[in-house]
Every structure is written in C-alpha cells, then in structure tokens.
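Colleague: I have a structure I would like to understand better, so I am pasting it below and will then ask my questions one at a time.
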Amino acid sequence: MSEDLLITARTVRGYLKELLRAEEAHRMDQLLDALLVRAERGDDVDRELAVAFSADATLRAFASAVLADPEHRPPRVREVRLSGDGEIVDVERFHCPGGDFIWYRFEVGEEIPECPGHGGRLTRSQAGPA
C-alpha cells in the first residue's frame, strides 16, 4: 500500500469543494473517507484511490501535483511566495487526529474547518506530511 497515495487522499479531501461541484465533492469525500478507513484496517486501496483521483480532470491534476511534491503539499501552498525574493512562505498545516484529513490555512483569519469524517476540530501539524 502506498503511503504517498494515502497522504494525497487526506490532502485532496481538504480541497474537494474547490475542485468539484457540491454534489460531486460530497460523493468523492465519502468515497475517500471509506477508502481511508479500509486502508487503516490493512486493505490495499491503491488502485481504487488512483481510479477515484482519475474521475475528474481537475481532481486528477490536483492529486498529481500533490503526489509530485516531496512534502505532498497542494499546489496553492507551493504558489504562495514572499514579494521580491521568491521564497515559499510557510503556511499552517492542520490534520484530523483520526488521520484522514489534511488542510492548509493560508490566512490568519481563515476559519479552521472540522474534519468531515470525525466532526472534530483539526490539530496543527508539525513539519512533514500529516
């Protein structure tokens, strides 16, 4: 089982509402949640995750970008740059304590969402993939 695909699934879940229409985002979130639960039980869900990521061109491009990044960050995180010097700005990463959701906060005032799978508040992550 690929840890890279699992981290990508956790990260993708945080952006489904931006990537897909509301109904599709909800369906995809439920599918990814179910696959992550199965993976936690030890099932190999790599093929099913790859098929899920391929369901939509926008989703496929986003998931591919997350997979290609060594830290599995979404494209928007890599695009945030300081004016003038071109260095990447640190953004806050949050994760579900249950391990099935990753989300990045780009602005201090941005409200931290609850985990769609567990309903609890997300926890700020340390460096590295959550």
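Going by the structure tokens order, chains are called A, B, ..., each with residues numbered from 1, while ligands are numbered from 1 in the order shown.
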I'd like the contact shell of range 116-121 of chain A - 12 Å cut-off, only C-alpha atoms, skipping same-chain residues fewer than 4 positions apart - returned as number ranges by chain.
Modeller: A: 10, 13-17, 25-26, 28-37, 94-103, 111-112
Colleague: Could you save those same residues with N, CA and C atoms as a PDB file, in the first residue's frame?
Modeller:
```
ATOM      1  N   ARG A  10      -5.773  12.202   1.856  1.00  0.00           N
ATOM      2  CA  ARG A  10      -6.071  13.048   3.022  1.00  0.00           C
ATOM      3  C   ARG A  10      -6.016  14.528   2.646  1.00  0.00           C
ATOM      4  N   ARG A  13      -8.974  15.713   0.207  1.00  0.00           N
ATOM      5  CA  ARG A  13     -10.262  15.898   0.891  1.00  0.00           C
ATOM      6  C   ARG A  13     -10.463  17.349   1.337  1.00  0.00           C
ATOM      7  N   GLY A  14      -9.389  18.035   1.685  1.00  0.00           N
ATOM      8  CA  GLY A  14      -9.495  19.412   2.135  1.00  0.00           C
ATOM      9  C   GLY A  14      -9.833  20.412   1.052  1.00  0.00           C
ATOM     10  N   TYR A  15      -9.800  19.988  -0.203  1.00  0.00           N
ATOM     11  CA  TYR A  15      -9.987  20.909  -1.320  1.00  0.00           C
ATOM     12  C   TYR A  15     -11.071  20.476  -2.292  1.00  0.00           C
ATOM     13  N   LEU A  16     -11.800  19.430  -1.961  1.00  0.00           N
ATOM     14  CA  LEU A  16     -12.822  18.922  -2.881  1.00  0.00           C
ATOM     15  C   LEU A  16     -13.873  19.968  -3.234  1.00  0.00           C
ATOM     16  N   LYS A  17     -14.264  20.809  -2.266  1.00  0.00           N
ATOM     17  CA  LYS A  17     -15.281  21.828  -2.534  1.00  0.00           C
ATOM     18  C   LYS A  17     -14.781  22.880  -3.520  1.00  0.00           C
ATOM     19  N   ALA A  25     -18.359  16.748  -4.923  1.00  0.00           N
ATOM     20  CA  ALA A  25     -17.408  16.881  -3.819  1.00  0.00           C
ATOM     21  C   ALA A  25     -17.849  16.029  -2.633  1.00  0.00           C
ATOM     22  N   HIS A  26     -19.134  16.058  -2.339  1.00  0.00           N
ATOM     23  CA  HIS A  26     -19.664  15.268  -1.223  1.00  0.00           C
ATOM     24  C   HIS A  26     -19.489  13.771  -1.484  1.00  0.00           C
ATOM     25  N   MET A  28     -17.335  12.315  -3.515  1.00  0.00           N
ATOM     26  CA  MET A  28     -15.913  11.973  -3.518  1.00  0.00           C
ATOM     27  C   MET A  28     -15.367  11.942  -2.096  1.00  0.00           C
ATOM     28  N   ASP A  29     -15.804  12.868  -1.258  1.00  0.00           N
ATOM     29  CA  ASP A  29     -15.351  12.871   0.134  1.00  0.00           C
ATOM     30  C   ASP A  29     -15.767  11.574   0.838  1.00  0.00           C
ATOM     31  N   GLN A  30     -16.986  11.138   0.602  1.00  0.00           N
ATOM     32  CA  GLN A  30     -17.455   9.886   1.205  1.00  0.00           C
ATOM     33  C   GLN A  30     -16.638   8.699   0.698  1.00  0.00           C
ATOM     34  N   LEU A  31     -16.349   8.687  -0.599  1.00  0.00           N
ATOM     35  CA  LEU A  31     -15.558   7.599  -1.170  1.00  0.00           C
ATOM     36  C   LEU A  31     -14.154   7.579  -0.580  1.00  0.00           C
ATOM     37  N   LEU A  32     -13.498   8.742  -0.542  1.00  0.00           N
ATOM     38  CA  LEU A  32     -12.142   8.797   0.001  1.00  0.00           C
ATOM     39  C   LEU A  32     -12.126   8.421   1.477  1.00  0.00           C
ATOM     40  N   ASP A  33     -13.131   8.872   2.223  1.00  0.00           N
ATOM     41  CA  ASP A  33     -13.228   8.511   3.636  1.00  0.00           C
ATOM     42  C   ASP A  33     -13.323   6.992   3.787  1.00  0.00           C
ATOM     43  N   ALA A  34     -14.178   6.360   2.994  1.00  0.00           N
ATOM     44  CA  ALA A  34     -14.346   4.906   3.067  1.00  0.00           C
ATOM     45  C   ALA A  34     -13.046   4.186   2.699  1.00  0.00           C
ATOM     46  N   LEU A  35     -12.345   4.675   1.692  1.00  0.00           N
ATOM     47  CA  LEU A  35     -11.088   4.052   1.297  1.00  0.00           C
ATOM     48  C   LEU A  35     -10.017   4.214   2.369  1.00  0.00           C
ATOM     49  N   LEU A  36      -9.977   5.375   3.013  1.00  0.00           N
ATOM     50  CA  LEU A  36      -9.013   5.584   4.095  1.00  0.00           C
ATOM     51  C   LEU A  36      -9.315   4.694   5.300  1.00  0.00           C
ATOM     52  N   VAL A  37     -10.582   4.480   5.596  1.00  0.00           N
ATOM     53  CA  VAL A  37     -10.970   3.568   6.682  1.00  0.00           C
ATOM     54  C   VAL A  37     -10.507   2.152   6.339  1.00  0.00           C
ATOM     55  N   PHE A  94      -2.867  21.631   9.067  1.00  0.00           N
ATOM     56  CA  PHE A  94      -3.701  21.019  10.103  1.00  0.00           C
ATOM     57  C   PHE A  94      -4.091  19.625   9.646  1.00  0.00           C
ATOM     58  N   HIS A  95      -4.350  18.760  10.610  1.00  0.00           N
ATOM     59  CA  HIS A  95      -4.775  17.403  10.281  1.00  0.00           C
ATOM     60  C   HIS A  95      -5.807  16.923  11.287  1.00  0.00           C
ATOM     61  N   CYS A  96      -6.554  15.923  10.865  1.00  0.00           N
ATOM     62  CA  CYS A  96      -7.512  15.286  11.750  1.00  0.00           C
ATOM     63  C   CYS A  96      -6.743  14.347  12.672  1.00  0.00           C
ATOM     64  N   PRO A  97      -7.003  14.387  13.985  1.00  0.00           N
ATOM     65  CA  PRO A  97      -6.346  13.436  14.883  1.00  0.00           C
ATOM     66  C   PRO A  97      -6.631  11.986  14.505  1.00  0.00           C
ATOM     67  N   GLY A  98      -7.737  11.745  13.791  1.00  0.00           N
ATOM     68  CA  GLY A  98      -8.057  10.405  13.320  1.00  0.00           C
ATOM     69  C   GLY A  98      -7.250  10.000  12.096  1.00  0.00           C
ATOM     70  N   GLY A  99      -6.504  10.955  11.516  1.00  0.00           N
ATOM     71  CA  GLY A  99      -5.589  10.647  10.426  1.00  0.00           C
ATOM     72  C   GLY A  99      -6.181  10.581   9.031  1.00  0.00           C
ATOM     73  N   ASP A 100      -7.354  11.185   8.807  1.00  0.00           N
ATOM     74  CA  ASP A 100      -7.957  11.028   7.483  1.00  0.00           C
ATOM     75  C   ASP A 100      -8.211  12.337   6.743  1.00  0.00           C
ATOM     76  N   PHE A 101      -7.609  13.446   7.190  1.00  0.00           N
ATOM     77  CA  PHE A 101      -7.897  14.733   6.566  1.00  0.00           C
ATOM     78  C   PHE A 101      -6.720  15.671   6.811  1.00  0.00           C
ATOM     79  N   ILE A 102      -6.264  16.369   5.764  1.00  0.00           N
ATOM     80  CA  ILE A 102      -5.197  17.365   5.872  1.00  0.00           C
ATOM     81  C   ILE A 102      -5.696  18.647   5.214  1.00  0.00           C
ATOM     82  N   TRP A 103      -5.413  19.794   5.857  1.00  0.00           N
ATOM     83  CA  TRP A 103      -5.872  21.082   5.346  1.00  0.00           C
ATOM     84  C   TRP A 103      -4.815  22.136   5.678  1.00  0.00           C
ATOM     85  N   GLU A 111     -11.039  30.476   8.980  1.00  0.00           N
ATOM     86  CA  GLU A 111     -11.587  29.551   9.968  1.00  0.00           C
ATOM     87  C   GLU A 111     -11.135  28.122   9.707  1.00  0.00           C
ATOM     88  N   ILE A 112     -10.690  27.453  10.754  1.00  0.00           N
ATOM     89  CA  ILE A 112     -10.233  26.074  10.644  1.00  0.00           C
ATOM     90  C   ILE A 112     -11.468  25.179  10.580  1.00  0.00           C
TER      91      ILE A 112
END
```
Colleague: Got a sec: who's within 7 Å of range 57-65 of chain A, counting only C-alpha atoms, leaving out chain neighbours fewer than 2 positions off, as a PyMOL selection string?
Modeller: chain A and resi 8+12+19+53-55+67-69+74-75
Colleague: Between CA of Glu92 in chain A and CA of Arg27 in chain A, what is the spacing in Å?
Modeller: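 Value for the CA of Arg27 in chain A-CA of Glu92 in chain A distance: 27.0 Å.
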Colleague: Between A:Leu20, A:Ala39, A:Val91, A:Leu122, which has the minimum distance to Asp56 in chain A (counting only C-alpha atoms)?
Modeller: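 For Asp56 in chain A, the nearest of the candidates is A:Leu20.
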Colleague: For CA of Cys115 in chain A and CA of Asp4 in chain A, quote the distance in Å rounded to one decimal.
Modeller: 20.3 Å
